[in-house]
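Following: one structure in C-alpha cells, then a few remarks.
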Protein chains: 2
Amino acid sequence: MDIDSITRPTLLLNTTVARHNLETMAAKARRSNVRFRPHFKTHQSRQIGEWFRSEGVEAITVSSVEMAEYFAEAGWMDIFIAFSANRRELAAINRLAKRVRLGLLFEDPDTLDYFMLNLEAPVQVWFEADNGSLRTGIPIAETEKFVSLASHVKSPHILAGVMTHAGNTYHTQSTDEINRIYHQTLEGLQRLKQTLIKAGYAAVKISYGDTPALTLADDFCGLDEVRPGNFIFYDCCQVSYGVCSTEDIAVGVACPVIAVYPQRGQLVLYGGAVHLSKDRFEADGKTIFAYVCRPTAQGWGPALAGAVVSGLWQEHAMVDMPAALVETFRPGDLLVVLPAHSCLTVDLYDAYLTTDGEKVKIKQ
Amino acid sequence: MDIDSITRPTLLLNTTVARHNLETMAAKARRSNVRFRPHFKTHQSRQIGEWFRSEGVEAITVSSVEMAEYFAEAGWMDIFIAFSANRRELAAINRLAKRVRLGLLFEDPDTLDYFMLNLEAPVQVWFEADNGSLRTGIPIAETEKFVSLASHVKSPHILAGVMTHAGNTYHTQSTDEINRIYHQTLEGLQRLKQTLIKAGYAAVKISYGDTPALTLADDFCGLDEVRPGNFIFYDCCQVSYGVCSTEDIAVGVACPVIAVYPQRGQLVLYGGAVHLSKDRFEADGKTIFAYVCRPTAQGWGPALAGAVVSGLWQEHAMVDMPAALVETFRPGDLLVVLPAHSCLTVDLYDAYLTTDGEKVKIKQ
C-alpha cells in the first residue's frame with residue numbers, strides 16, 4: 001500500500017484480516033451443518049462477494065431492494081431481503097422475483113395479502129420474529145399469531161420459515177448476556193418451528209442473525225440458517241461489546257493530520273462525519289467515535305493506547321491522546337481511524353483501497 | 001410533487017422555504033454592508049448555487065478541496081476553503097489556485113511555510129482564530145501569535161484576514177448565550193484586526209461563520225464578511241438551539257412506513273442512518289434523531305406533536321408517537337422526516353426532489 005499517495009480520507013481494507021474473519025465464521029457454520037447466508041449490507045461489494053463464493057456460499061442476505069438488485073446483477077441467484085417488504089417497491093420486487101430465488105419478509109397480514117395478490121413470480125415467504133429487541137417483528141412467544149399469518153401464504157409462494165435479528169445483543173453489558181440472549185432466542189425459534197410444523201408447515205426453517213452472538217457462540221447447532229454481516233470487518237462497537245479485539249477490525253479510514261495541540265492533548269484530522277458516519281460507542285464511561293492507529297506499509301498498527309476520537313464535525317475529527325503522543329505527530333502525517341460502526345462507514349464510499357494496494361469497488 | 005412516485009427514502013427540498021431563508025440572510029448582509037460569502041457545504045449543489053448568484057453573491061466558502069473543485073467547475077471564481085490547508089493536497093490546491101481566486105486557511109507556521117514555498121499561483125491567506133470552541137485555530141486573544149504568523153506570508157500571496165467558526169454556539173443552553181458568544185467573538189476579531197493593521201497589514205478583514213449566531217443577530221455590523229451555511233435549510237438541531245422553528249426547515253426525507261405498533265406507541269420507517277445520518281439532538285431531556293410530518297401535495301405539513309424518531313439502524317427508523325396517532329398510519333404510507341443535521345443528511349444523496357416536482361442535482 002502506497003501511503004504517500006493518500007491525500008484525502010480513504011477507506012482501507014485489510015484483506016488478510018477480513019478473509020480470516022470470513023473463514024472463521026464459514027467454518028463454524030460448516031461444522032454446525034447450518035446454512036451460512038451472510039448479510040452483504042456490511043461490505044456491499046460484488047468483488048468481496050466472490051470471496052464468499054470460494055467458501056461455498058450460494059445464498060445471501062441484503063437489507064434493501066436496491067442492494068438485492070445490485071447483487072442479482074453480480075450473479076447471486078438466491079437473495080433474502082431481510083427488511084419488511086415495502087409495498088411501494090412492488091414493481092422492483094416483481095422484477096427481482098422473476099430473476100432470482102427471492103426471499104421476502106413479513107409480519108403484517110394486510111401487507112402479506114397485498115403481496116400474495118400482486119406478486120408476478122413465486123417467492124420464499126419469511127416471517128419476522130421479535131426476540132425482545134422491540135424493533136420489528138411479531139413477539140416470538142406469540143406462536144398463534146405466526147400460525148394465523150401462515151394461513152395467508154398462498155401458492156405458488158412458499159412459507160420458508162421464521163427469522164429473527166437479535167438486535168438486543170447490541171445493548172448488553174457482558175458477553176454472558178449476549179450468550180443468554182442467543183440461547184433464549186434459539187429456544188423461542190425452535191418452539192415456533194415445532195408449532196408451525198404441527199400446523200402443517202413441515203418445511204419451515206429457522207434463521208438467526210447478529211454478529212455479537214454468532215461470533216461468541218461455540219456452534220450454531222439447533223438453527224437451520226445464520227445471517228451475520230458485520231463480522232467480516234467488525235468495528236469498535238463490537239470491541240466495546242467484548243465480541244472481538246481491535247486486531248480483528250478489517251477496515252480503517254486513513255486521515256491526514258491537519259493540526260496538533262500538545263498542550264490540549266489533542267490533534268485534529270481531516271476526516272469527519274461524512275467520512276466515518278456519526279455512530280459512537282461507550283468505553284470507560286465516555287462516548288467515543290473511534291480508535292486510531294499508525295499507518296504501516298502493511299496497513300496499520302495496533303490501536304494507540306489512550307487515543308480516542310472524541311468529536312466529529314462534517315469534515316474534522318478530534319483525537320484525544322496523551323500530550324507526549326501528540327508531540328510525535330505533525331500536520332501532513334496520517335492516522336488510520338478504526339470506525340465505530342463499519343457498515344455505516346463503508347456505505348459512505350465507492351471503493352476500498354486494500355492493504356495490498358488494490359482498489360475494490362463498493363455498490364458498483 | 002407526485003407522492004405516489006416515491007418508493008424509497010427520498011430527499012425532498014421545499015424551494016419556497018429555502019429561498020426565503022436565503023433572501024432573509026442575504027438582505028441582512030446587504031443592510032449591514034458586510035460581504036456575504038455563504039458556505040456551500042450544506043447544499044453542495046451547483047443548481048442551488050445559482051440562487052445565490054441571483055442575490056448578488058460572487059464569493060463562496062467550501063469545506064474541502066474536492067468541494068472547491070466542484071464549484072470551480074460550476075464557474076465560481078472566488079472560493080475560500082474554510083478548512084486547514086492540507087499539505088497532502090498540494091497538487092490539487094495548485095491546480096485550483098491557477099484557476100480561481102483561492103483562499104486558504106492556516107494556523108501553523110510550518111504548514112504556512114510549506115505552502116509559501118510550494119504554491120505555484122497566488123492565494124489569499126486566511127488565519128483561523130479559535131473563539132473558545134477548542135476545535136481548530138489560534139486562541140483569539142493571543143494576538144502576538146497572529147502577528148508572528150503574518151510574517152510568514154510571502155509575496156505574491158496576500159494576508160487576506162482572520163476568520164473564525166464559532167462552533168461553541170452549537171453547545172448552548174439559550175439564545176442569549178449564542179448572542180453573548182457572537183458579541184464576544186466580534187470584539188476579539190476586531191482587536192485582532194486592529195493589532196494586525198498596526199503591524200502593517202492594512203488590508204486585513206475579519207470573517208465570521210456559524211448559522212446560530214448569524215440567524216439571531218440583528219445585523220452584522222463590525223464584521224467584514226459572514227459565512228453561514230446551514231441557514232439555507234436549517235434542521236432539528238437548529239430548532240433545539242432556539243434558532244428557528246420547524247417551519248423554517250427546507251429539507252426532509254420522505255420515508256415509507258413499514259410497520260405500525262399502536263400498543264407500543266411506535267411505528268417503523270424505511271429510512272435509516274444511511275438515509276438520514278446518525279446525528280441527534282436533545283429535547284425535553286431526551287436524545288432525538290428527527291421530527292416527522294405528514295406529506296402533502298405541496299411538500300409536508302407541520303411537525304407532528306409528540307412524534308419523534310427515537311432510534312436509527314442502517315435502514316430502519318423508529319418513531320415514537322401517541323397510540324392514537326400511530327393508528328392513523330398503515331404500512332405503505334409515507335412520512336417526511338425532518339433531519340437532525342441537514343448538512344450530513346444532504347451529503348448522503350445525489351439529488352433533491354423539490355416540492356415543485358423537479359430534480360436538483362447534488363455534487364454532480
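Residues are named by chain letter and number: chains run A, B, ... in the order of the C-alpha cells, numbers start at 1 in each chain, and ligands are numbered from 1 in the order shown.
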In region 37-180 of chain B, DSSP alpha helix (DSSP H) residues written as a compact mmCIF listing (two decimals) with C-alpha atoms, in the first residue's frame:
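The resulting file, out.txt, is reproduced below:
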# COMPACT_ATOMS: atom_id res chain seq x y z
CA ARG B 46 -24.41 23.95 -8.43
CA GLN B 47 -28.08 24.50 -9.23
CA ILE B 48 -28.79 25.89 -5.75
CA GLY B 49 -25.58 27.91 -6.10
CA GLU B 50 -27.31 29.81 -8.90
CA TRP B 51 -29.92 31.09 -6.44
CA PHE B 52 -27.10 32.76 -4.55
CA ARG B 53 -25.84 34.44 -7.73
CA SER B 54 -29.29 35.98 -8.12
CA VAL B 65 -10.62 20.88 -1.84
CA GLU B 66 -12.98 18.44 -3.51
CA MET B 67 -15.92 20.82 -2.99
CA ALA B 68 -13.80 23.72 -4.27
CA GLU B 69 -13.09 21.72 -7.43
CA TYR B 70 -16.79 21.03 -7.92
CA PHE B 71 -17.83 24.68 -7.56
CA ALA B 72 -14.90 25.95 -9.65
CA GLU B 73 -16.23 23.66 -12.38
CA LEU B 90 -0.80 20.45 -2.63
CA ALA B 91 -1.13 19.33 -6.25
CA ALA B 92 -4.91 19.78 -6.31
CA ILE B 93 -4.60 23.12 -4.48
CA ASN B 94 -2.08 24.35 -7.04
CA ARG B 95 -4.44 23.43 -9.88
CA LEU B 96 -7.22 25.41 -8.17
CA ALA B 97 -5.01 28.40 -7.37
CA PRO B 109 3.80 28.35 10.80
CA ASP B 110 5.42 25.19 9.39
CA THR B 111 2.43 24.39 7.22
CA LEU B 112 2.25 28.00 6.06
CA ASP B 113 5.98 27.92 5.17
CA TYR B 114 5.44 24.70 3.23
CA PHE B 115 2.69 26.27 1.13
CA MET B 116 4.56 29.57 0.65
CA LEU B 117 7.41 27.53 -0.79
CA ASN B 118 5.36 25.20 -2.95
CA THR B 143 -2.77 38.41 19.18
CA GLU B 144 1.04 38.25 19.12
CA LYS B 145 0.84 34.76 17.58
CA PHE B 146 -1.16 36.13 14.67
CA VAL B 147 1.39 38.90 14.11
CA SER B 148 4.17 36.36 14.21
CA LEU B 149 2.34 34.08 11.77
CA ALA B 150 1.72 37.03 9.44
CA THR B 175 -30.28 32.13 22.56
CA ASP B 176 -28.88 34.77 24.99
CA GLU B 177 -25.77 32.63 25.28
CA ILE B 178 -25.48 32.44 21.48
CA ASN B 179 -25.76 36.24 21.26
CA ARG B 180 -23.16 36.65 24.00
Would you list which chain A residues are within 8 Å of chain B using only C-alpha atoms, as a ChimeraX atom specification? /A:6-8,63-64,84-89,108,111,135-136,256,258-259,268,273-274,277-279,314-315,318,331-332,343-344,347-348
Take the residues just selected and output them with C-alpha atoms as a PDB file, in the first residue's frame.
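As a result, selection-v2.pdb now contains:
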ATOM      1  CA  ILE A   6      -3.179   9.152   0.126  1.00  0.00           C
ATOM      2  CA  THR A   7      -4.258  12.803   0.094  1.00  0.00           C
ATOM      3  CA  ARG A   8      -7.837  12.692   1.440  1.00  0.00           C
ATOM      4  CA  SER A  63     -31.266  -5.144   3.659  1.00  0.00           C
ATOM      5  CA  SER A  64     -32.866  -3.353   0.721  1.00  0.00           C
ATOM      6  CA  SER A  84     -40.122  -5.803   5.914  1.00  0.00           C
ATOM      7  CA  ALA A  85     -41.467  -5.962   2.357  1.00  0.00           C
ATOM      8  CA  ASN A  86     -42.368  -2.421   1.302  1.00  0.00           C
ATOM      9  CA  ARG A  87     -45.433  -2.362  -0.907  1.00  0.00           C
ATOM     10  CA  ARG A  88     -44.255   0.841  -2.584  1.00  0.00           C
ATOM     11  CA  GLU A  89     -41.463  -1.231  -4.154  1.00  0.00           C
ATOM     12  CA  ASP A 108     -48.407  -7.858   8.912  1.00  0.00           C
ATOM     13  CA  THR A 111     -49.131  -6.415   3.696  1.00  0.00           C
ATOM     14  CA  ARG A 135     -37.699  -3.101  16.634  1.00  0.00           C
ATOM     15  CA  THR A 136     -39.771  -5.094  14.116  1.00  0.00           C
ATOM     16  CA  PRO A 256      -4.400  13.344   7.231  1.00  0.00           C
ATOM     17  CA  ILE A 258      -4.186  18.828   9.951  1.00  0.00           C
ATOM     18  CA  ALA A 259      -3.421  20.342  13.377  1.00  0.00           C
ATOM     19  CA  VAL A 268      -7.305  17.185  14.533  1.00  0.00           C
ATOM     20  CA  ALA A 273     -18.929  12.573   9.867  1.00  0.00           C
ATOM     21  CA  VAL A 274     -19.135  12.425   6.055  1.00  0.00           C
ATOM     22  CA  SER A 277     -20.568   8.317   9.871  1.00  0.00           C
ATOM     23  CA  LYS A 278     -21.565   9.639  13.250  1.00  0.00           C
ATOM     24  CA  ASP A 279     -22.085   6.399  15.137  1.00  0.00           C
ATOM     25  CA  GLN A 314     -18.706  17.407   8.923  1.00  0.00           C
ATOM     26  CA  GLU A 315     -15.024  17.240   7.883  1.00  0.00           C
ATOM     27  CA  MET A 318     -10.886  15.494  17.199  1.00  0.00           C
ATOM     28  CA  PRO A 331       0.427  18.174  10.145  1.00  0.00           C
ATOM     29  CA  GLY A 332       0.675  16.109   6.993  1.00  0.00           C
ATOM     30  CA  CYS A 343     -21.400  -0.874   7.963  1.00  0.00           C
ATOM     31  CA  LEU A 344     -22.231   2.852   8.116  1.00  0.00           C
ATOM     32  CA  ASP A 347     -21.694   2.912   2.961  1.00  0.00           C
ATOM     33  CA  LEU A 348     -20.118   6.390   2.539  1.00  0.00           C
TER      34      LEU A 348
END
Residue neighbourhood Phe36 (chain B), 12 Å, only C-alpha atoms, exclusion window fewer than 4 positions, as a ChimeraX atom specification: /B:22-32,40,52-53,55-61,207-209,214,220,223-229
Residues of region 195-309 of chain B in strand (DSSP E or B), written as a PyMOL selection string: chain B and resi 205-209+225-226+251-261+266-270+281-283+286-288+290-296+299-309
Tell me, as a list in words, which residues lie within 9 Å of Ser155 (chain A), counting only C-alpha atoms; anything in the same chain fewer than 2 positions away does not count. Met116, Pro122, Val153, His157 and Ile158 of chain A
